[in-house]
Amino acid sequence: MSEEANPFESLQEQIDDASAYLDVGDDVIERLKHPERVLETNLTVELDDGSLERFRAFRSQFNGDRGPYKGGIRYHPNVSRDEVKALSGWMAYKTAIVGIPYGGGKGGIVIDPKEYSEKELERITRSFAKELRPFIGEDRDIPAPDVNTGQPEMNWIKDTYETLENTTEPGVVTGKAIESGGSAGRVEATGRSTMLAAREAFDYLGRDVADATVAVQGYGNAGWIAANLLEEQGATVVAVSDSSGAIHHEDGLDTQAVRDHKDETGSVVDFEGATDEFAGEELLTLDVDLLVPAALENAVDEERAHDIEADVIVEAANGPLTPDADDVLTESDVLVVPDILANAGGVTVSYFEWVQNRQRFYWDEERVNDELETVIVNAFDDLVDAYENNDVSNFRTAAYVVAIRRVAQAFEEGGVFP
Ligand code: GLU
């Protein structure tokens with residue numbers, strides 16, 4: 001395989017591609033290609049055996065022209081400064097394409113969370129929350145879950161922040177458990193927008209997602225919910241994978257039963273309802289109608305893109321296709337619905353959670369799902385409009401045209417300080 005793409009360079013290339021279609025000055029584009037600031041910190045945390053360990057952690061605040069910085073915190077051994085910078089930029093353009101009043105941010109700790117106990121993870125999270133405290137707040141920067149983080153981490157961040165600030169401010173972080181101020185539908189939101197984006201994409205092609213065969217790479221929160229909701233739409237989920245491997249059944253897998261099997265055994269492999277198993281990467285090049293990459297960045301590079309057989313790719317993960325892969329797929333007429341729209345359900349329902357926190361008034365799941373559908377369908381229509389009216393080469397560039405225009409406009413309306 002060719003050398004792994006640097007996600008920050010990928011982000012900058014995506015912005016450059018779109019800027020050719022925009023009436024925005026190079027000086028403003030230059031601003032929109034870099035984070036406003038990046039916090040890099042070293043956490044010193046006591047482990048269960050009494051020894052100390054140092055953890056590197058980051059928070060990138062990419063752009064705040066449209067509102068407070070917003071985005072998740074991931075725990076992964078491959079977290080790096082450049083990865084967090086890229087992810088924070090993708091958040092800024094994600095919030096812009098779906099039209100919610102936020103900027104973009106992202107954080108991460110360099111850690112393999114499987115190696116630590118729950119108590120250790122709590123101390124590590126609280127230590128990071130203490131470092132973040134001066135930079136976050138419901139009007140400043142609002143963290144959320146991302147890879148390997150979820151409700152427990154968000155509840156600890158909220159508690160640490162509120163304790164240090166001597167206040168109650170549940171909107172300082174989203175993705176919390178319901179009793180800690182979370183929103184109905186938040187856990188499912190990323191998978192739900194992936195399903196909605198797939199439905200709209202097939203509709204755009206004059207096809208019905210109910211007739212589609214589907215392969216899903218990654219069976220974490222986003223991947224499994226997307227698979228489950230696509231199955232509910234009538235689609236046939238023929239293959240799914242996780243870091244241990246891929247499973248396949250031509251007539252379709254029972255997505256809920258696969259989830260139960262993964263909960264019991266730790267992985268999707270050895271699922272008795274599958275007819276065959278293969279290495280995870282092989283799933284990406286299966287002859288299916290719809291491919292959903294729902295794992296990490298760079299799943300499909302230029303070389304692999306040549307072997308893609310799917311007609312439609314809907315990106316549940318952030319940055320799963322390299323820019324070179326995009327060029328190949330555009331050339332071969334594969335319709336790619338970009339991450340900044342397809343997985344925007346997570347941050348959109350985070351926005352609903354934050355609105356509910358501020359109003360101290362909570363919605364039922366039906367209302368959350370209805371409002372989410374409206375946001376995603378409107379954003380998809382804006383993207384198609386930009387695609388058809390600007391003669392851009394693919395949906396990703398169309399999405400950036402819409403998003404960059406909105407961020408640049410907010411910046412120009414505010415003017416330069418000082
Ligand atoms: N981590 C998610 C994302 O990449 C959600 C972010 C949020 O809810 O703020 O979009």
# chains A, B, ... in the order shown; residues from 1 in each chain; ligands from 1

$ residues_near_ligand --ligand "ligand 1" --cutoff "8 Å" --atoms "only C-alpha atoms and all ligand atoms" --output "PyMOL selection string"
chain A and resi 70-74+87+91+94+106+142-147+174-175+190+317-318+340+343-351

$ closest_atom_pairs --of "region 173-279 of chain A" --to "region 328-336 of chain A" --cutoff "12 Å" --atoms "only C-alpha atoms" --output "Markdown table"
| residue | atom | partner | partner_atom | distance |
| --- | --- | --- | --- | --- |
| A:Ala197 | CA | A:Val336 | CA | 10.4 |
| A:Ala198 | CA | A:Val336 | CA | 9.8 |
| A:Glu200 | CA | A:Leu335 | CA | 11.7 |
| A:Ala201 | CA | A:Leu335 | CA | 8.0 |
| A:Phe202 | CA | A:Leu335 | CA | 9.4 |
| A:Tyr204 | CA | A:Leu335 | CA | 10.1 |
| A:Leu205 | CA | A:Leu335 | CA | 9.1 |

$ select_by_dssp --residues "region 120-341 of chain A" --states "strand (DSSP E or B)" --output "PyMOL selection string"
chain A and resi 137+141-145+213-217+236-242+245-248+276-278+290-293+300+312-314+321+335-337

$ write_last_selection --atoms "N, CA, C and O atoms" --output "compact mmCIF listing (two decimals), in the first residue's frame"
# COMPACT_ATOMS: atom_id res chain seq x y z
N GLY A 137 -16.86 25.54 27.38
CA GLY A 137 -18.01 26.22 27.98
C GLY A 137 -19.12 26.22 26.94
O GLY A 137 -18.85 26.10 25.75
N ASP A 141 -16.67 26.34 23.60
CA ASP A 141 -16.22 25.13 22.91
C ASP A 141 -16.92 23.96 23.60
O ASP A 141 -16.87 23.88 24.83
N ILE A 142 -17.55 23.11 22.80
CA ILE A 142 -18.42 22.07 23.36
C ILE A 142 -17.97 20.69 22.88
O ILE A 142 -18.29 20.29 21.76
N PRO A 143 -17.24 19.94 23.70
CA PRO A 143 -16.82 18.59 23.30
C PRO A 143 -18.00 17.61 23.20
O PRO A 143 -19.13 17.91 23.62
N ALA A 144 -17.71 16.44 22.66
CA ALA A 144 -18.72 15.40 22.42
C ALA A 144 -17.98 14.07 22.25
O ALA A 144 -16.76 14.05 22.20
N PRO A 145 -18.72 12.97 22.12
CA PRO A 145 -18.05 11.69 21.89
C PRO A 145 -17.44 11.59 20.49
O PRO A 145 -17.87 12.28 19.56
N THR A 213 -27.96 -3.74 -2.06
CA THR A 213 -27.12 -4.58 -1.21
C THR A 213 -26.06 -3.67 -0.59
O THR A 213 -25.58 -2.73 -1.23
N VAL A 214 -25.71 -3.97 0.67
CA VAL A 214 -24.89 -3.03 1.45
C VAL A 214 -23.74 -3.76 2.14
O VAL A 214 -23.92 -4.86 2.66
N ALA A 215 -22.57 -3.10 2.15
CA ALA A 215 -21.44 -3.57 2.97
C ALA A 215 -21.05 -2.44 3.91
O ALA A 215 -20.95 -1.29 3.49
N VAL A 216 -20.84 -2.78 5.19
CA VAL A 216 -20.53 -1.76 6.20
C VAL A 216 -19.18 -2.10 6.84
O VAL A 216 -19.02 -3.16 7.45
N GLN A 217 -18.21 -1.18 6.70
CA GLN A 217 -16.89 -1.38 7.29
C GLN A 217 -16.85 -0.70 8.65
O GLN A 217 -16.92 0.52 8.75
N THR A 236 -30.48 -4.93 1.89
CA THR A 236 -29.90 -6.22 2.30
C THR A 236 -28.44 -5.99 2.70
O THR A 236 -27.60 -5.69 1.85
N VAL A 237 -28.17 -6.12 3.99
CA VAL A 237 -26.81 -5.91 4.49
C VAL A 237 -26.05 -7.23 4.33
O VAL A 237 -26.23 -8.15 5.14
N VAL A 238 -25.24 -7.32 3.28
CA VAL A 238 -24.61 -8.61 2.96
C VAL A 238 -23.28 -8.82 3.67
O VAL A 238 -22.83 -9.95 3.80
N ALA A 239 -22.64 -7.73 4.13
CA ALA A 239 -21.34 -7.90 4.79
C ALA A 239 -21.10 -6.78 5.79
O ALA A 239 -21.48 -5.62 5.54
N VAL A 240 -20.49 -7.14 6.91
CA VAL A 240 -20.04 -6.13 7.88
C VAL A 240 -18.67 -6.57 8.41
O VAL A 240 -18.31 -7.74 8.33
N SER A 241 -17.92 -5.60 8.95
CA SER A 241 -16.59 -5.95 9.47
C SER A 241 -16.29 -5.15 10.72
O SER A 241 -16.96 -4.15 11.01
N ASP A 242 -15.28 -5.59 11.45
CA ASP A 242 -14.67 -4.77 12.50
C ASP A 242 -13.17 -5.03 12.45
O ASP A 242 -12.69 -5.67 11.48
N GLY A 245 -12.11 -8.68 11.47
CA GLY A 245 -12.38 -9.32 10.18
C GLY A 245 -13.78 -9.01 9.69
O GLY A 245 -14.51 -8.25 10.31
N ALA A 246 -14.13 -9.62 8.53
CA ALA A 246 -15.43 -9.36 7.91
C ALA A 246 -16.25 -10.63 7.84
O ALA A 246 -15.70 -11.73 7.72
N ILE A 247 -17.58 -10.48 7.91
CA ILE A 247 -18.49 -11.62 7.75
C ILE A 247 -19.46 -11.32 6.60
O ILE A 247 -19.75 -10.15 6.33
N HIS A 248 -19.97 -12.38 5.98
CA HIS A 248 -20.73 -12.20 4.74
C HIS A 248 -21.87 -13.21 4.66
O HIS A 248 -21.73 -14.35 5.09
N ASP A 276 -19.61 -16.90 5.02
CA ASP A 276 -18.16 -16.88 4.88
C ASP A 276 -17.55 -15.66 5.58
O ASP A 276 -18.26 -14.70 5.89
N GLU A 277 -16.24 -15.76 5.80
CA GLU A 277 -15.49 -14.71 6.49
C GLU A 277 -14.24 -14.40 5.70
O GLU A 277 -13.68 -15.28 5.04
N PHE A 278 -13.82 -13.15 5.76
CA PHE A 278 -12.55 -12.80 5.10
C PHE A 278 -11.93 -11.61 5.83
O PHE A 278 -12.52 -11.08 6.79
N LEU A 290 -24.12 -0.39 -2.26
CA LEU A 290 -23.77 0.68 -1.32
C LEU A 290 -22.66 0.23 -0.38
O LEU A 290 -22.76 -0.83 0.25
N LEU A 291 -21.62 1.04 -0.30
CA LEU A 291 -20.54 0.79 0.66
C LEU A 291 -20.57 1.89 1.72
O LEU A 291 -20.62 3.08 1.38
N VAL A 292 -20.55 1.48 3.00
CA VAL A 292 -20.53 2.45 4.10
C VAL A 292 -19.25 2.27 4.91
O VAL A 292 -19.14 1.37 5.74
N PRO A 293 -18.22 3.11 4.67
CA PRO A 293 -17.04 3.05 5.53
C PRO A 293 -17.36 3.75 6.85
O PRO A 293 -17.73 4.92 6.86
N VAL A 300 -9.87 3.93 2.19
CA VAL A 300 -9.75 3.73 0.74
C VAL A 300 -8.74 4.72 0.19
O VAL A 300 -8.96 5.94 0.23
N VAL A 312 -22.44 3.45 -4.92
CA VAL A 312 -22.60 4.59 -4.01
C VAL A 312 -21.75 4.33 -2.76
O VAL A 312 -21.73 3.20 -2.24
N ILE A 313 -21.05 5.37 -2.29
CA ILE A 313 -20.35 5.28 -1.00
C ILE A 313 -20.91 6.38 -0.11
O ILE A 313 -20.98 7.55 -0.52
N VAL A 314 -21.32 6.01 1.09
CA VAL A 314 -21.80 7.00 2.06
C VAL A 314 -20.88 6.93 3.27
O VAL A 314 -20.76 5.89 3.92
N LEU A 321 -11.87 8.37 2.78
CA LEU A 321 -11.32 8.33 1.42
C LEU A 321 -10.23 9.39 1.29
O LEU A 321 -10.44 10.53 1.69
N LEU A 335 -20.83 7.45 -6.88
CA LEU A 335 -21.41 8.60 -6.17
C LEU A 335 -20.97 8.53 -4.70
O LEU A 335 -21.31 7.59 -3.99
N VAL A 336 -20.19 9.54 -4.26
CA VAL A 336 -19.71 9.56 -2.88
C VAL A 336 -20.45 10.66 -2.11
O VAL A 336 -20.37 11.83 -2.47
N VAL A 337 -21.20 10.27 -1.07
CA VAL A 337 -21.82 11.27 -0.19
C VAL A 337 -20.82 11.54 0.93
O VAL A 337 -20.50 10.65 1.71

$ residues_around --residues "Glu118 (chain A)" --least-positions-apart "4" --cutoff "12 Å" --atoms "only C-alpha atoms" --output "ChimeraX atom specification"
/A:47-48,113-114,122-125,152-153,156

$ closest_residue --among "A:Asp289, A:Glu413, A:Asp260, A:Glu272" --to "Asp208 (chain A)" --atoms "only C-alpha atoms"
A:Asp289

$ decode --residues "region 154-168 of chain A" --atoms "all heavy atoms" --output "mmCIF file, in the first residue's frame"
data_model
loop_
_atom_site.group_PDB
_atom_site.id
_atom_site.type_symbol
_atom_site.label_atom_id
_atom_site.label_comp_id
_atom_site.auth_asym_id
_atom_site.auth_seq_id
_atom_site.Cartn_x
_atom_site.Cartn_y
_atom_site.Cartn_z
ATOM 1 N N MET A 154 -18.364 11.683 28.690
ATOM 2 C CA MET A 154 -19.025 12.996 28.639
ATOM 3 C C MET A 154 -19.592 13.358 30.008
ATOM 4 O O MET A 154 -19.519 14.515 30.427
ATOM 5 C CB MET A 154 -20.133 13.008 27.573
ATOM 6 C CG MET A 154 -19.637 12.697 26.167
ATOM 7 S SD MET A 154 -18.231 13.726 25.640
ATOM 8 C CE MET A 154 -16.948 12.475 25.396
ATOM 9 N N ASN A 155 -20.150 12.358 30.710
ATOM 10 C CA ASN A 155 -20.679 12.628 32.057
ATOM 11 C C ASN A 155 -19.553 13.092 32.987
ATOM 12 O O ASN A 155 -19.737 14.007 33.795
ATOM 13 C CB ASN A 155 -21.343 11.376 32.646
ATOM 14 C CG ASN A 155 -22.449 10.826 31.759
ATOM 15 O OD1 ASN A 155 -22.987 11.524 30.917
ATOM 16 N ND2 ASN A 155 -22.786 9.554 31.950
ATOM 17 N N TRP A 156 -18.358 12.472 32.863
ATOM 18 C CA TRP A 156 -17.227 12.866 33.724
ATOM 19 C C TRP A 156 -16.744 14.280 33.375
ATOM 20 O O TRP A 156 -16.394 15.055 34.261
ATOM 21 C CB TRP A 156 -16.056 11.872 33.574
ATOM 22 C CG TRP A 156 -16.349 10.484 34.075
ATOM 23 C CD1 TRP A 156 -17.109 10.156 35.168
ATOM 24 C CD2 TRP A 156 -15.882 9.240 33.523
ATOM 25 N NE1 TRP A 156 -17.146 8.793 35.308
ATOM 26 C CE2 TRP A 156 -16.405 8.197 34.331
ATOM 27 C CE3 TRP A 156 -15.078 8.898 32.437
ATOM 28 C CZ2 TRP A 156 -16.137 6.844 34.082
ATOM 29 C CZ3 TRP A 156 -14.809 7.555 32.191
ATOM 30 C CH2 TRP A 156 -15.332 6.539 32.992
ATOM 31 N N ILE A 157 -16.720 14.592 32.089
ATOM 32 C CA ILE A 157 -16.276 15.945 31.692
ATOM 33 C C ILE A 157 -17.248 16.976 32.259
ATOM 34 O O ILE A 157 -16.840 17.992 32.840
ATOM 35 C CB ILE A 157 -16.165 16.072 30.151
ATOM 36 C CG1 ILE A 157 -15.028 15.189 29.622
ATOM 37 C CG2 ILE A 157 -15.937 17.541 29.746
ATOM 38 C CD1 ILE A 157 -14.940 15.102 28.101
ATOM 39 N N LYS A 158 -18.533 16.715 32.112
ATOM 40 C CA LYS A 158 -19.545 17.639 32.635
ATOM 41 C C LYS A 158 -19.360 17.817 34.141
ATOM 42 O O LYS A 158 -19.333 18.944 34.654
ATOM 43 C CB LYS A 158 -20.945 17.096 32.329
ATOM 44 C CG LYS A 158 -22.074 17.816 33.073
ATOM 45 C CD LYS A 158 -23.404 17.130 32.804
ATOM 46 C CE LYS A 158 -24.532 17.664 33.663
ATOM 47 N NZ LYS A 158 -24.694 16.991 34.948
ATOM 48 N N ASP A 159 -19.214 16.698 34.852
ATOM 49 C CA ASP A 159 -19.109 16.782 36.310
ATOM 50 C C ASP A 159 -17.852 17.538 36.734
ATOM 51 O O ASP A 159 -17.896 18.375 37.646
ATOM 52 C CB ASP A 159 -19.108 15.372 36.919
ATOM 53 C CG ASP A 159 -19.050 15.434 38.430
ATOM 54 O OD1 ASP A 159 -20.046 15.880 39.031
ATOM 55 O OD2 ASP A 159 -17.997 15.097 39.006
ATOM 56 N N THR A 160 -16.728 17.267 36.064
ATOM 57 C CA THR A 160 -15.476 17.950 36.416
ATOM 58 C C THR A 160 -15.626 19.451 36.177
ATOM 59 O O THR A 160 -15.264 20.278 37.032
ATOM 60 C CB THR A 160 -14.304 17.396 35.569
ATOM 61 O OG1 THR A 160 -14.258 15.985 35.735
ATOM 62 C CG2 THR A 160 -12.978 18.021 35.978
ATOM 63 N N TYR A 161 -16.160 19.804 35.029
ATOM 64 C CA TYR A 161 -16.320 21.226 34.679
ATOM 65 C C TYR A 161 -17.249 21.924 35.674
ATOM 66 O O TYR A 161 -16.943 22.997 36.198
ATOM 67 C CB TYR A 161 -16.877 21.332 33.257
ATOM 68 C CG TYR A 161 -17.026 22.762 32.781
ATOM 69 C CD1 TYR A 161 -15.943 23.433 32.211
ATOM 70 C CD2 TYR A 161 -18.229 23.445 32.931
ATOM 71 C CE1 TYR A 161 -16.068 24.748 31.784
ATOM 72 C CE2 TYR A 161 -18.361 24.758 32.509
ATOM 73 C CZ TYR A 161 -17.274 25.405 31.933
ATOM 74 O OH TYR A 161 -17.402 26.709 31.521
ATOM 75 N N GLU A 162 -18.400 21.301 35.933
ATOM 76 C CA GLU A 162 -19.376 21.938 36.828
ATOM 77 C C GLU A 162 -18.825 22.062 38.254
ATOM 78 O O GLU A 162 -19.079 23.055 38.936
ATOM 79 C CB GLU A 162 -20.689 21.137 36.828
ATOM 80 C CG GLU A 162 -21.444 21.249 35.505
ATOM 81 C CD GLU A 162 -22.784 20.520 35.520
ATOM 82 O OE1 GLU A 162 -22.949 19.556 36.298
ATOM 83 O OE2 GLU A 162 -23.675 20.921 34.743
ATOM 84 N N THR A 163 -18.054 21.054 38.681
ATOM 85 C CA THR A 163 -17.475 21.104 40.026
ATOM 86 C C THR A 163 -16.472 22.255 40.119
ATOM 87 O O THR A 163 -16.517 23.061 41.059
ATOM 88 C CB THR A 163 -16.784 19.758 40.362
ATOM 89 O OG1 THR A 163 -17.747 18.714 40.223
ATOM 90 C CG2 THR A 163 -16.235 19.747 41.779
ATOM 91 N N LEU A 164 -15.584 22.359 39.125
ATOM 92 C CA LEU A 164 -14.552 23.410 39.171
ATOM 93 C C LEU A 164 -15.159 24.801 39.016
ATOM 94 O O LEU A 164 -14.651 25.774 39.566
ATOM 95 C CB LEU A 164 -13.502 23.163 38.078
ATOM 96 C CG LEU A 164 -12.638 21.908 38.270
ATOM 97 C CD1 LEU A 164 -11.759 21.676 37.039
ATOM 98 C CD2 LEU A 164 -11.771 22.012 39.519
ATOM 99 N N GLU A 165 -16.236 24.894 38.239
ATOM 100 C CA GLU A 165 -16.869 26.197 37.989
ATOM 101 C C GLU A 165 -17.939 26.529 39.034
ATOM 102 O O GLU A 165 -18.513 27.616 39.002
ATOM 103 C CB GLU A 165 -17.521 26.216 36.600
ATOM 104 C CG GLU A 165 -16.527 26.167 35.449
ATOM 105 C CD GLU A 165 -15.819 27.504 35.222
ATOM 106 O OE1 GLU A 165 -16.421 28.560 35.469
ATOM 107 O OE2 GLU A 165 -14.635 27.464 34.825
ATOM 108 N N ASN A 166 -18.245 25.572 39.902
ATOM 109 C CA ASN A 166 -19.296 25.739 40.912
ATOM 110 C C ASN A 166 -20.611 26.218 40.281
ATOM 111 O O ASN A 166 -21.186 27.231 40.666
ATOM 112 C CB ASN A 166 -18.834 26.721 42.001
ATOM 113 C CG ASN A 166 -19.807 26.768 43.167
ATOM 114 O OD1 ASN A 166 -20.495 25.789 43.439
ATOM 115 N ND2 ASN A 166 -19.895 27.911 43.837
ATOM 116 N N THR A 167 -21.050 25.461 39.281
ATOM 117 C CA THR A 167 -22.284 25.828 38.579
ATOM 118 C C THR A 167 -22.945 24.568 38.029
ATOM 119 O O THR A 167 -22.426 23.459 38.195
ATOM 120 C CB THR A 167 -21.978 26.809 37.429
ATOM 121 O OG1 THR A 167 -23.190 27.329 36.913
ATOM 122 C CG2 THR A 167 -21.200 26.143 36.301
ATOM 123 N N THR A 168 -24.104 24.711 37.401
ATOM 124 C CA THR A 168 -24.640 23.634 36.565
ATOM 125 C C THR A 168 -24.664 24.156 35.136
ATOM 126 O O THR A 168 -25.211 25.230 34.874
ATOM 127 C CB THR A 168 -26.066 23.209 36.971
ATOM 128 O OG1 THR A 168 -26.932 24.328 36.886
ATOM 129 C CG2 THR A 168 -26.089 22.641 38.380
#
